[in-house]
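A.B. asks: Contents of start.csv (CSV, C-alpha atoms):
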chain,number,residue,atom,x,y,z
W,11,MET,CA,162.1,69.1,150.8
W,12,LYS,CA,162.9,65.8,149.0
W,13,ASN,CA,161.0,62.5,149.3
W,14,SER,CA,163.5,59.7,148.6
W,15,TYR,CA,160.7,57.1,148.3
W,16,LEU,CA,158.8,59.0,145.6
W,17,ASP,CA,162.0,60.2,143.9
W,18,LYS,CA,163.2,56.6,143.6
W,19,ILE,CA,159.8,55.6,142.1
W,20,GLY,CA,160.0,58.6,139.7
W,21,LEU,CA,163.5,57.8,138.5
W,22,ASN,CA,162.7,54.1,138.1
W,23,ALA,CA,159.7,55.0,136.0
W,24,LEU,CA,161.7,57.4,133.8
W,25,ASN,CA,164.3,54.7,133.1
W,26,ALA,CA,161.6,52.1,132.5
W,27,SER,CA,159.8,54.3,130.0
W,28,LYS,CA,163.0,54.5,127.9
W,29,ASN,CA,163.2,50.7,127.6
W,30,LEU,CA,159.4,50.3,127.2
W,31,SER,CA,159.3,52.5,124.2
W,32,LEU,CA,161.5,50.0,122.4
W,33,LEU,CA,159.2,47.0,122.9
W,34,ASN,CA,157.3,45.7,119.9
W,35,GLU,CA,153.6,44.8,119.9
W,36,LYS,CA,154.2,41.0,120.2
W,37,LYS,CA,156.3,41.4,123.4
W,38,LYS,CA,153.7,43.8,124.9
W,39,ASN,CA,150.9,41.4,124.1
W,40,LYS,CA,152.8,38.5,125.7
W,41,VAL,CA,153.1,40.5,128.9
W,42,LEU,CA,149.4,41.3,128.9
W,43,LYS,CA,148.4,37.7,128.2
W,44,ASP,CA,150.4,36.6,131.2
W,45,PHE,CA,148.9,39.4,133.3
W,46,TYR,CA,145.4,38.0,132.2
W,47,LYS,CA,146.5,34.5,133.4
W,48,ASN,CA,147.9,35.8,136.7
W,49,PHE,CA,144.8,37.9,137.4
W,50,LYS,CA,142.5,35.0,136.6
W,51,GLN,CA,144.5,32.6,138.8
W,52,ASN,CA,144.5,35.0,141.7
W,53,GLN,CA,140.8,35.9,141.7
W,54,LYS,CA,140.3,34.4,145.2
W,55,LYS,CA,143.2,36.3,146.5
W,56,ILE,CA,142.0,39.5,144.9
W,57,LEU,CA,138.5,39.1,146.3
W,58,LYS,CA,139.8,38.2,149.8
W,59,ALA,CA,141.9,41.5,149.8
W,60,ASN,CA,138.8,43.3,148.6
W,61,LYS,CA,136.8,42.0,151.5
W,62,THR,CA,139.5,43.4,153.8
W,63,ASP,CA,139.2,46.8,152.1
W,64,ILE,CA,135.4,46.8,152.2
W,65,SER,CA,135.4,45.9,155.9
W,66,ARG,CA,137.8,48.7,156.8
W,67,ALA,CA,135.9,51.2,154.6
W,68,ASN,CA,132.7,50.4,156.4
W,69,LYS,CA,134.4,50.6,159.8
W,70,ASN,CA,135.7,54.1,158.8
W,71,LYS,CA,132.2,55.1,157.6
W,72,VAL,CA,133.3,55.7,154.0
W,73,SER,CA,130.4,57.0,151.9
W,74,LYS,CA,128.1,54.5,150.2
W,75,ASN,CA,129.0,55.5,146.7
W,76,LEU,CA,132.7,55.1,147.4
W,77,VAL,CA,132.1,51.6,148.9
W,78,ASP,CA,130.0,50.7,145.8
W,79,ARG,CA,132.9,51.7,143.6
W,80,LEU,CA,135.3,49.7,145.8
W,81,LEU,CA,133.4,46.5,145.8
W,82,LEU,CA,134.6,43.7,143.5
W,83,ASN,CA,132.4,40.6,142.7
W,84,GLU,CA,132.4,37.9,140.1
W,85,HIS,CA,130.8,40.2,137.5
W,86,LYS,CA,133.3,43.0,138.0
W,87,ILE,CA,136.2,40.5,137.9
W,88,ASN,CA,135.0,39.2,134.6
W,89,SER,CA,134.6,42.7,133.3
W,90,ILE,CA,138.2,43.5,134.2
W,91,LEU,CA,139.4,40.3,132.5
W,92,ASN,CA,137.4,41.2,129.4
W,93,SER,CA,139.0,44.6,129.3
W,94,ILE,CA,142.5,43.1,129.4
W,95,GLN,CA,141.6,40.8,126.5
W,96,ALA,CA,140.1,43.7,124.5
W,97,VAL,CA,143.2,45.8,124.9
W,98,ILE,CA,145.4,42.8,123.8
W,99,LYS,CA,143.4,42.7,120.5
W,100,LEU,CA,143.8,46.4,119.8
W,101,LYS,CA,146.7,47.6,117.6
W,102,ASP,CA,149.7,49.1,119.2
W,103,PRO,CA,149.3,52.9,118.7
W,104,THR,CA,153.0,53.7,118.8
W,105,GLN,CA,155.7,53.8,116.1
W,106,LYS,CA,153.1,54.5,113.4
W,107,ILE,CA,153.4,57.0,110.6
W,108,ILE,CA,150.0,58.7,110.7
W,109,SER,CA,150.6,61.1,107.9
W,110,LYS,CA,153.4,61.8,105.3
W,111,TRP,CA,153.9,64.5,102.7
W,112,LYS,CA,156.6,65.8,100.4
W,113,ARG,CA,157.6,69.5,100.3
W,114,PRO,CA,158.5,71.4,97.1
W,115,ASN,CA,162.2,71.3,98.1
W,116,GLY,CA,162.1,67.5,98.1
W,117,MET,CA,162.0,67.0,101.9
W,118,ILE,CA,159.7,64.2,103.1
W,119,ILE,CA,157.9,64.9,106.4
W,120,ASN,CA,156.5,62.0,108.5
W,121,LYS,CA,154.2,62.5,111.5
W,122,TYR,CA,155.2,59.6,113.8
W,123,THR,CA,153.5,58.4,117.0
W,124,VAL,CA,155.5,58.0,120.2
W,125,PRO,CA,154.6,57.3,123.9
W,126,ILE,CA,154.0,60.2,126.2
W,127,GLY,CA,156.6,58.8,128.7
W,128,VAL,CA,155.7,58.6,132.3
W,129,ILE,CA,152.0,58.9,133.4
W,130,GLY,CA,150.9,59.4,137.0
W,131,VAL,CA,147.4,58.4,137.8
W,132,ILE,CA,145.8,59.4,141.1
W,133,TYR,CA,142.4,57.7,141.8
W,134,GLU,CA,139.9,56.7,144.5
W,135,SER,CA,138.1,53.5,145.4
W,136,ARG,CA,137.9,51.6,142.1
W,137,PRO,CA,140.4,48.8,142.0
W,138,ASN,CA,139.5,48.1,138.4
W,139,VAL,CA,141.4,51.3,137.5
W,140,THR,CA,144.6,49.6,138.7
W,141,SER,CA,144.2,47.0,136.0
W,142,ASP,CA,142.7,49.2,133.3
W,143,VAL,CA,145.4,51.9,133.6
W,144,ALA,CA,148.3,49.5,133.9
W,145,THR,CA,147.1,47.6,130.8
W,146,LEU,CA,146.5,50.8,128.7
W,147,CYS,CA,149.7,52.5,129.7
W,148,PHE,CA,151.9,49.5,129.1
W,149,LYS,CA,150.3,48.7,125.6
W,150,SER,CA,150.8,52.4,124.6
W,151,GLY,CA,154.5,52.3,125.7
W,152,ASN,CA,154.1,54.5,128.8
W,153,ALA,CA,155.5,53.8,132.3
W,154,VAL,CA,152.9,54.4,135.0
W,155,ILE,CA,152.9,55.5,138.6
W,156,LEU,CA,149.7,54.4,140.3
W,157,ARG,CA,148.4,56.2,143.5
W,158,GLY,CA,145.1,54.6,144.4
W,159,GLY,CA,143.0,55.5,147.4
W,160,SER,CA,143.8,54.2,150.8
W,161,GLU,CA,140.4,52.5,151.0
W,162,ALA,CA,141.5,50.1,148.1
W,163,ILE,CA,145.1,49.5,149.1
W,164,GLN,CA,145.0,45.8,149.7
W,165,THR,CA,143.1,45.0,146.5
W,166,ASN,CA,145.4,47.3,144.5
W,167,LYS,CA,148.5,45.6,145.9
W,168,VAL,CA,147.4,42.2,144.7
W,169,ILE,CA,146.5,43.4,141.2
W,170,ALA,CA,149.7,45.4,140.8
W,171,GLU,CA,151.7,42.3,141.9
W,172,CYS,CA,149.9,40.2,139.2
W,173,PHE,CA,151.2,42.7,136.6
W,174,LYS,CA,154.7,42.8,138.0
W,175,LYS,CA,154.9,39.0,137.9
W,176,SER,CA,154.0,39.1,134.2
W,177,LEU,CA,156.7,41.7,133.6
W,178,LYS,CA,159.3,39.7,135.4
W,179,LYS,CA,158.4,36.5,133.6
W,180,ASN,CA,159.0,38.2,130.3
W,181,LYS,CA,162.2,40.0,131.4
W,182,VAL,CA,160.7,43.4,131.1
W,183,ASP,CA,161.5,46.2,133.6
W,184,GLU,CA,159.2,45.7,136.6
W,185,ASN,CA,159.1,49.5,137.1
W,186,CYS,CA,157.0,49.9,134.0
W,187,VAL,CA,154.1,49.7,136.5
W,188,GLN,CA,154.6,50.9,140.0
W,189,LEU,CA,152.0,51.3,142.8
W,190,ILE,CA,152.7,53.8,145.6
W,191,GLN,CA,152.0,51.7,148.7
W,192,ASN,CA,152.3,54.5,151.2
W,193,THR,CA,148.8,55.9,151.7
W,194,ASN,CA,149.9,59.2,153.4
W,195,ARG,CA,148.1,62.0,151.5
W,196,LYS,CA,151.1,64.2,151.7
W,197,LEU,CA,152.7,62.0,149.1
W,198,VAL,CA,150.0,63.2,146.6
W,199,ASP,CA,151.1,66.8,147.2
W,200,TYR,CA,154.7,65.9,146.6
W,201,MET,CA,153.8,64.0,143.4
W,202,LEU,CA,152.0,67.0,142.1
W,203,SER,CA,154.4,69.7,143.0
W,204,LYS,CA,157.9,68.1,143.0
W,205,MET,CA,157.9,65.4,140.4
W,206,GLU,CA,157.7,67.3,137.2
W,207,LYS,CA,161.2,66.1,136.2
W,208,PHE,CA,159.9,62.5,136.3
W,209,ILE,CA,156.2,62.6,135.3
W,210,ASP,CA,155.0,63.9,132.0
W,211,VAL,CA,151.3,64.0,132.7
W,212,ILE,CA,149.0,63.4,135.7
W,213,ILE,CA,145.5,61.9,135.2
W,214,PRO,CA,143.1,62.3,138.2
W,215,ARG,CA,140.2,59.9,138.6
W,216,GLY,CA,138.0,60.6,141.6
W,217,GLY,CA,135.6,63.0,143.2
W,218,LYS,CA,135.4,66.7,142.7
W,219,ASN,CA,137.5,67.7,145.7
W,220,LEU,CA,140.4,65.4,144.6
W,221,VAL,CA,140.3,66.5,141.0
W,222,GLN,CA,140.0,70.2,141.9
W,223,LYS,CA,143.0,69.9,144.2
W,224,ILE,CA,145.1,68.1,141.5
W,225,LYS,CA,144.2,70.7,138.8
W,226,THR,CA,145.0,73.6,141.2
W,227,MET,CA,148.3,72.2,142.7
W,228,SER,CA,149.9,70.3,139.9
W,229,ASN,CA,153.1,71.5,138.3
W,230,VAL,CA,152.7,68.6,135.9
W,231,PRO,CA,150.1,68.9,133.0
W,232,THR,CA,146.8,67.2,133.8
W,233,ILE,CA,144.2,65.3,131.8
W,234,GLY,CA,140.8,64.8,133.3
W,235,HIS,CA,137.3,66.1,134.3
W,236,LEU,CA,136.1,67.9,137.4
W,237,GLU,CA,132.7,66.4,137.6
W,238,GLY,CA,130.0,64.7,135.5
W,239,ILE,CA,126.9,67.0,135.5
W,240,CYS,CA,125.2,65.1,132.6
W,241,HIS,CA,121.8,65.8,131.1
W,242,VAL,CA,119.1,64.0,129.2
W,243,TYR,CA,116.9,66.3,127.1
W,244,ILE,CA,113.5,64.9,126.1
W,245,ASP,CA,112.4,66.7,122.9
W,246,ARG,CA,108.7,67.2,122.0
W,247,TYR,CA,109.3,64.7,119.1
W,248,ALA,CA,110.6,62.0,121.4
W,249,ASP,CA,109.1,58.5,121.3
W,250,LEU,CA,107.7,58.0,124.9
W,251,ASN,CA,108.9,54.5,125.3
W,252,MET,CA,112.4,55.3,124.2
W,253,ALA,CA,112.4,58.4,126.4
W,254,LYS,CA,111.4,56.3,129.4
W,255,LYS,CA,114.0,53.6,128.7
W,256,VAL,CA,116.9,56.0,128.0
W,257,THR,CA,116.2,58.3,131.0
W,258,LEU,CA,115.9,55.3,133.5
W,259,ASN,CA,119.1,53.8,132.3
W,260,ALA,CA,121.0,57.1,132.2
W,261,LYS,CA,120.0,57.8,135.8
W,262,MET,CA,119.6,54.5,137.6
W,263,ARG,CA,121.8,51.9,135.9
W,264,ASN,CA,124.7,53.1,138.1
W,265,THR,CA,124.2,56.3,140.0
W,266,SER,CA,127.8,56.5,141.2
W,267,ILE,CA,129.6,56.9,137.9
W,268,CYS,CA,130.5,60.2,136.2
W,269,GLY,CA,128.3,59.3,133.2
W,270,ALA,CA,125.1,59.1,135.2
W,271,ALA,CA,122.5,61.7,134.3
W,272,GLU,CA,122.0,64.3,137.0
W,273,THR,CA,119.5,66.6,135.3
W,274,LEU,CA,116.4,65.8,133.1
W,275,LEU,CA,115.2,68.5,130.7
W,276,ILE,CA,111.7,68.1,129.2
W,277,ASP,CA,110.4,70.1,126.4
W,278,LYS,CA,107.1,71.9,127.4
W,279,GLY,CA,105.7,70.7,124.0
W,280,CYS,CA,105.5,67.2,125.5
W,281,LEU,CA,104.8,68.1,129.1
W,282,LYS,CA,101.3,66.6,129.2
W,283,THR,CA,102.3,63.3,127.5
W,284,HIS,CA,105.9,62.6,128.7
W,285,LEU,CA,106.4,64.2,132.2
W,286,ARG,CA,104.2,61.9,134.3
W,287,PRO,CA,105.2,58.5,132.8
W,288,ILE,CA,108.9,59.2,133.0
W,289,LEU,CA,108.9,60.6,136.5
W,290,GLN,CA,106.6,57.7,137.7
W,291,LEU,CA,109.1,55.2,136.3
W,292,LEU,CA,112.0,57.0,138.0
W,293,SER,CA,110.1,57.2,141.3
W,294,ILE,CA,109.1,53.6,141.3
W,295,SER,CA,112.8,52.7,140.7
W,296,GLY,CA,113.8,54.6,143.9
W,297,CYS,CA,114.8,57.9,142.4
W,298,LYS,CA,114.1,61.2,144.3
W,299,ILE,CA,112.6,63.9,142.1
W,300,ILE,CA,113.8,67.5,142.5
W,301,GLY,CA,111.8,69.7,140.1
W,302,ASP,CA,111.1,73.3,139.1
W,303,LYS,CA,107.6,74.9,139.9
W,304,ILE,CA,106.2,73.6,136.6
W,305,VAL,CA,107.2,70.1,137.4
W,306,GLN,CA,105.7,70.4,140.9
W,307,LYS,CA,102.4,71.7,139.4
W,308,ASN,CA,102.1,69.0,136.7
W,309,TYR,CA,103.3,65.9,138.6
W,310,GLN,CA,101.2,64.5,141.4
W,311,GLY,CA,104.1,62.5,142.9
W,312,SER,CA,106.6,63.7,145.5
W,313,VAL,CA,108.7,66.5,144.2
W,314,SER,CA,111.2,68.7,146.1
W,315,LEU,CA,111.5,72.2,144.8
W,316,ALA,CA,114.7,72.7,142.8
W,317,LYS,CA,117.1,75.5,143.8
W,318,GLU,CA,119.7,77.2,141.6
W,319,GLN,CA,122.4,75.0,143.1
W,320,ASP,CA,120.6,71.8,142.0
W,321,TRP,CA,121.3,72.5,138.3
W,322,LYS,CA,125.0,72.6,139.2
W,323,THR,CA,125.0,69.5,141.4
W,324,GLU,CA,126.5,66.1,140.7
W,325,TYR,CA,124.4,63.9,143.0
W,326,LEU,CA,126.1,60.5,142.4
W,327,ASP,CA,123.0,59.2,144.1
W,328,SER,CA,119.3,58.2,143.3
W,329,LYS,CA,118.3,61.8,142.8
W,330,ILE,CA,117.6,63.8,139.6
W,331,SER,CA,116.8,67.5,139.0
W,332,VAL,CA,114.0,68.1,136.5
W,333,LYS,CA,113.3,71.3,134.5
W,334,ILE,CA,110.8,72.2,131.8
W,335,VAL,CA,112.3,74.1,128.9
W,336,ASN,CA,110.9,75.8,125.8
W,337,GLY,CA,112.4,73.8,123.0
W,338,VAL,CA,115.8,72.5,122.0
W,339,GLU,CA,117.6,75.9,122.0
W,340,GLU,CA,116.7,76.6,125.6
W,341,ALA,CA,117.8,73.0,126.5
W,342,ILE,CA,121.2,73.7,124.8
W,343,LYS,CA,121.6,77.1,126.7
W,344,HIS,CA,120.8,75.4,130.0
W,345,ILE,CA,123.3,72.6,129.4
W,346,ASN,CA,126.1,74.9,128.3
W,347,LYS,CA,125.5,77.1,131.3
W,348,TYR,CA,125.2,74.5,134.1
W,349,GLY,CA,126.8,71.4,132.7
W,350,SER,CA,130.4,70.2,133.1
W,351,HIS,CA,131.0,69.6,129.4
W,352,HIS,CA,131.1,65.8,130.1
W,353,THR,CA,128.2,63.9,128.5
W,354,ASP,CA,124.7,65.0,127.4
W,355,SER,CA,121.9,63.3,125.4
W,356,ILE,CA,118.9,64.2,123.4
W,357,VAL,CA,115.9,61.9,122.8
W,358,THR,CA,114.0,62.9,119.6
W,359,ALA,CA,112.8,61.6,116.3
W,360,ASN,CA,113.4,65.1,114.8
W,361,LYS,CA,116.7,65.0,112.8
W,362,LYS,CA,116.9,68.8,112.7
W,363,ASN,CA,116.6,69.2,116.4
W,364,ALA,CA,119.1,66.3,117.0
W,365,SER,CA,121.6,67.9,114.6
W,366,LEU,CA,121.3,71.3,116.4
W,367,PHE,CA,121.8,69.6,119.8
W,368,LEU,CA,124.8,67.6,118.7
W,369,SER,CA,126.5,70.5,117.1
W,370,LYS,CA,125.8,73.2,119.7
W,371,VAL,CA,126.1,71.4,123.1
W,372,ASN,CA,129.7,72.1,124.2
W,373,SER,CA,130.5,68.7,125.7
W,374,ALA,CA,133.1,66.0,125.2
W,375,ILE,CA,130.4,63.4,124.4
W,376,VAL,CA,127.0,64.2,122.9
W,377,LEU,CA,124.5,61.5,122.2
W,378,HIS,CA,121.3,61.1,120.2
W,379,ASN,CA,118.7,58.5,121.4
W,380,ALA,CA,121.1,56.8,123.7
W,381,SER,CA,121.9,56.7,127.5
W,382,THR,CA,124.7,59.0,129.0
W,383,GLN,CA,126.0,55.8,130.7
W,384,PHE,CA,127.8,55.0,127.4
W,385,ALA,CA,130.4,57.5,128.4
W,386,ASP,CA,133.0,54.8,128.9
W,387,GLY,CA,136.1,53.8,127.0
W,388,ASN,CA,135.1,50.2,126.9
W,389,GLU,CA,131.8,51.1,125.3
W,390,PHE,CA,133.6,53.2,122.7
W,391,GLY,CA,135.7,50.1,121.7
W,392,PHE,CA,138.8,51.3,123.5
W,393,GLY,CA,139.0,48.1,125.6
W,394,ALA,CA,139.2,50.3,128.8
W,395,GLU,CA,139.9,53.9,129.7
W,396,VAL,CA,142.3,55.8,131.9
W,397,GLY,CA,139.6,58.4,132.4
W,398,ILE,CA,137.3,60.8,130.7
W,399,SER,CA,138.7,64.2,129.7
W,400,THR,CA,136.6,67.3,129.4
W,401,ASP,CA,139.6,69.4,128.4
W,402,LYS,CA,139.5,71.3,125.1
W,403,LEU,CA,143.0,70.4,124.2
W,404,HIS,CA,144.0,66.8,123.3
W,405,PRO,CA,142.7,64.4,124.4
W,406,ARG,CA,138.9,64.8,124.9
W,407,GLY,CA,136.3,62.2,126.0
W,408,PRO,CA,137.4,58.7,126.9
W,409,VAL,CA,141.1,58.3,127.2
W,410,GLY,CA,142.2,55.0,125.7
W,411,LEU,CA,145.3,53.7,123.8
W,412,GLU,CA,145.3,56.2,121.0
W,413,GLN,CA,144.9,59.1,123.4
W,414,LEU,CA,148.0,58.0,125.4
W,415,VAL,CA,150.5,58.7,122.6
W,416,THR,CA,151.9,61.9,121.2
W,417,TYR,CA,153.9,62.4,118.0
W,418,LYS,CA,157.1,63.8,116.6
W,419,TYR,CA,158.1,64.7,113.0
W,420,LEU,CA,160.7,62.6,111.2
W,421,VAL,CA,162.0,64.7,108.3
W,422,GLU,CA,164.0,63.1,105.5
W,423,GLY,CA,166.3,65.3,103.4
W,424,ASN,CA,169.1,64.9,100.9
W,425,GLY,CA,171.2,68.0,101.7
W,426,GLN,CA,168.6,70.7,101.7
W,427,THR,CA,169.5,74.1,103.2
W,428,ARG,CA,167.1,76.9,103.9
W,429,PRO,CA,167.6,80.0,101.8
Could you take the file, read its structure, and then write that structure out as structure tokens?
C.D. replies:
Amino acid sequence: MKNSYLDKIGLNALNASKNLSLLNEKKKNKVLKDFYKNFKQNQKKILKANKTDISRANKNKVSKNLVDRLLLNEHKINSILNSIQAVIKLKDPTQKIISKWKRPNGMIINKYTVPIGVIGVIYESRPNVTSDVATLCFKSGNAVILRGGSEAIQTNKVIAECFKKSLKKNKVDENCVQLIQNTNRKLVDYMLSKMEKFIDVIIPRGGKNLVQKIKTMSNVPTIGHLEGICHVYIDRYADLNMAKKVTLNAKMRNTSICGAAETLLIDKGCLKTHLRPILQLLSISGCKIIGDKIVQKNYQGSVSLAKEQDWKTEYLDSKISVKIVNGVEEAIKHINKYGSHHTDSIVTANKKNASLFLSKVNSAIVLHNASTQFADGNEFGFGAEVGISTDKLHPRGPVGLEQLVTYKYLVEGNGQTRP
């Protein structure tokens, strides 16, 4: 069964992508600079729309972590504006020869970057995604179809309109960025199963249920991650003050993001010195501790007994599961068994243990002596991100400008034929 509304959006995006791929960097940056101005000038309108969305979300009893993601304030507005500026400063990743070589027969082969084409992004709650994704896709030469969550529809409409005005002002096809304004969930099903002739790749950003549905149903290739079961491992050679600082930030800076630590592993070699101070700090900060029997025995504070399921759980809340392990190799085994291959960190002063952890943990992002909350495209210097990918095939980790292009081979000959 056809959906004329979505088919029209798909066809418009396909046509827009052909024209967009011809734009030079100067023209793209002019559009983005005007988007920045429009966004800044419409801050009050954006915040007013956001208040409407927040009010409706609370009325509909939307979960607290989704409301937290939905909320815009002056700090978040400034962060969005900074991301637009950062992307403007980055080099256009398209139309670049990334490698070149000559064959014995005289043919010259060029590996040349091109946009992917049309990208569909399905996401929940966060209105900053509307700006980030539109900015990154446009700069990388891709048309984008945005399908935000119903809880953020009013905010998303205003942000998308700001981008469309900047396109119109510069006489660039307004269909380069399209927001699906119908919030009926059946449209997501159609987008996944019936729009492969229009959309080249789908990127899901949202909770586990949404991402699982998309990866299961989609006839279009997908880029993304299912959940962020991230770990911090405190090695026996960890500096205590650093361990406390990194663990607190990894868990409590923002509990609702995919880079938040959900499990804390502590080497039994530093059990007596590190366990109590770290857990006390977490507890004082409002974090619930869920620990194994060794943790319960050695920590006098409140500890719920961890079950098998806790090691597989993304809490997205002020909760953390804590396990005592026998050294770095056991920590690696635990992470590779229970983790989601997203982001994991080791705190240690021992270079050998750090090297082993970094090489053997099978995750997209592995850190040494740093918080898991750095799992973010902006923190990687990408300006913003479309999402985090835990896929083994390209791309992996934060998806920024350079991850939104593919390539083709341009071969120069002078009459060669194959014998």
A.B. asks: Give me the segment 228-295 of chain W side of the contact with segment 394-407 of chain W, cut-off 12 Å, one line per residue showing its nearest atom pair and distance in Å at one decimal, counting all atoms listed in the file, sorted by chain and residue number, as JSON lines.
C.D. replies:
{"residue": "W:Pro231", "atom": "CA", "partner": "W:Leu403", "partner_atom": "CA", "distance": 11.4}
{"residue": "W:Thr232", "atom": "CA", "partner": "W:Asp401", "partner_atom": "CA", "distance": 9.3}
{"residue": "W:Ile233", "atom": "CA", "partner": "W:Ser399", "partner_atom": "CA", "distance": 6.0}
{"residue": "W:Gly234", "atom": "CA", "partner": "W:Ser399", "partner_atom": "CA", "distance": 4.2}
{"residue": "W:His235", "atom": "CA", "partner": "W:Thr400", "partner_atom": "CA", "distance": 5.1}
{"residue": "W:Leu236", "atom": "CA", "partner": "W:Thr400", "partner_atom": "CA", "distance": 8.0}
{"residue": "W:Glu237", "atom": "CA", "partner": "W:Thr400", "partner_atom": "CA", "distance": 9.1}
{"residue": "W:Gly238", "atom": "CA", "partner": "W:Thr400", "partner_atom": "CA", "distance": 9.4}
{"residue": "W:Ile239", "atom": "CA", "partner": "W:Thr400", "partner_atom": "CA", "distance": 11.5}
{"residue": "W:Ile267", "atom": "CA", "partner": "W:Ile398", "partner_atom": "CA", "distance": 11.2}
{"residue": "W:Cys268", "atom": "CA", "partner": "W:Ile398", "partner_atom": "CA", "distance": 8.8}
{"residue": "W:Gly269", "atom": "CA", "partner": "W:Ile398", "partner_atom": "CA", "distance": 9.5}
A.B. asks: If you measure from atom CA of Val182 of chain W to atom CA of Asp44 of chain W, what distance in Å do you get, rounded to one decimal?
C.D. replies: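 According to the coordinates, atom CA of Val182 of chain W and atom CA of Asp44 of chain W are separated by 12.3 Å.
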A.B. asks: Out of W:Ala67, W:Ile108, W:Val41, W:Leu30, which residue has the shortest atom-to-atom distance to Lys418 of chain W when counting all atoms listed in the file?
C.D. replies: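 The answer is W:Ile108, which sits nearest to Lys418 of chain W.
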A.B. asks: Between atom CA of Gln383 of chain W and atom CA of Asp63 of chain W, what is the distance in Å, rounded to a tenth?
C.D. replies: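 Taking atom CA of Gln383 of chain W as the start and atom CA of Asp63 of chain W as the end point, the length is 26.7 Å.
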A.B. asks: Restricting the calculation to all atoms listed in the file: of W:Val211, W:Ala144, W:Leu281, W:Ile132, which residue gets closest to Ser93 of chain W?
C.D. replies: W:Ala144
A.B. asks: Quick one: residues within 6 Å of segment 70-81 of chain W, all atoms listed in the file counted, chain neighbours fewer than 4 positions away excluded, as a ChimeraX atom specification?
C.D. replies: /W:135-136,266
A.B. asks: Between atom CA of Ile304 of chain W and atom CA of Ser331 of chain W, what is the distance, to one decimal in Å?
C.D. replies: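 Computed distance, atom CA of Ile304 of chain W to atom CA of Ser331 of chain W, equals 12.5 Å.
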A.B. asks: With all atoms listed in the file as the atoms that count, which of W:Ile224, W:Ala359, W:Val409, W:Ile244 lies nearest to Val338 of chain W?
C.D. replies: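 When distances to Val338 of chain W are compared using all atoms listed in the file, the smallest one comes from W:Ile244.
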A.B. asks: Show me as a PyMOL selection string the residues that reach within 12 Å of (121.5, 78.0, 139.3), counting all atoms listed in the file and using the file's own coordinates.
C.D. replies: chain W and resi 302+316-323+331+333+344-345+347-349
A.B. asks: Would you mind listing what lies within 8 Å of His378 of chain W as a tab-separated table (two decimals) with C-alpha atoms, keeping the file's coordinate frame, with all atoms listed in the file counted and same-chain residues fewer than 2 positions away left out?
C.D. replies:
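The resulting selection18.tsv:
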chain	number	residue	atom	x	y	z
W	355	SER	CA	121.90	63.30	125.40
W	356	ILE	CA	118.90	64.20	123.40
W	357	VAL	CA	115.90	61.90	122.80
W	358	THR	CA	114.00	62.90	119.60
W	364	ALA	CA	119.10	66.30	117.00
W	368	LEU	CA	124.80	67.60	118.70
W	376	VAL	CA	127.00	64.20	122.90
W	380	ALA	CA	121.10	56.80	123.70
A.B. asks: Which one of W:Lys196, W:Thr226, W:Leu285, W:Leu275 sits closest to Lys254 of chain W if you count all atoms listed in the file?
C.D. replies: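 Closest to Lys254 of chain W of all the choices is W:Leu285.
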A.B. asks: Pick the closest to Ala260 of chain W from W:Ser203, W:Thr62, W:Ala385, W:Ser141: which is it, counting all atoms listed in the file?
C.D. replies: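 The shortest atom-to-atom distance to Ala260 of chain W comes from W:Ala385.
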A.B. asks: I'd like the neighbourhood of Leu156 of chain W as a list in words, where a residue qualifies if any of its atoms comes within 8 Å (using only C-alpha atoms), though same-chain residues fewer than 3 positions away should be ignored.
C.D. replies: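 Result of the neighbour search: Gly130, Val131, Ile132, Thr140, Val187, Gln188, Leu189 and Ile190 of chain W.
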A.B. asks: Counting only C-alpha atoms, which of W:Asn83, W:Ser328, W:Thr145, W:Asn336 gets nearest to Gly279 of chain W?
C.D. replies: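 With only C-alpha atoms as the atom set, the closest residue is W:Asn336.
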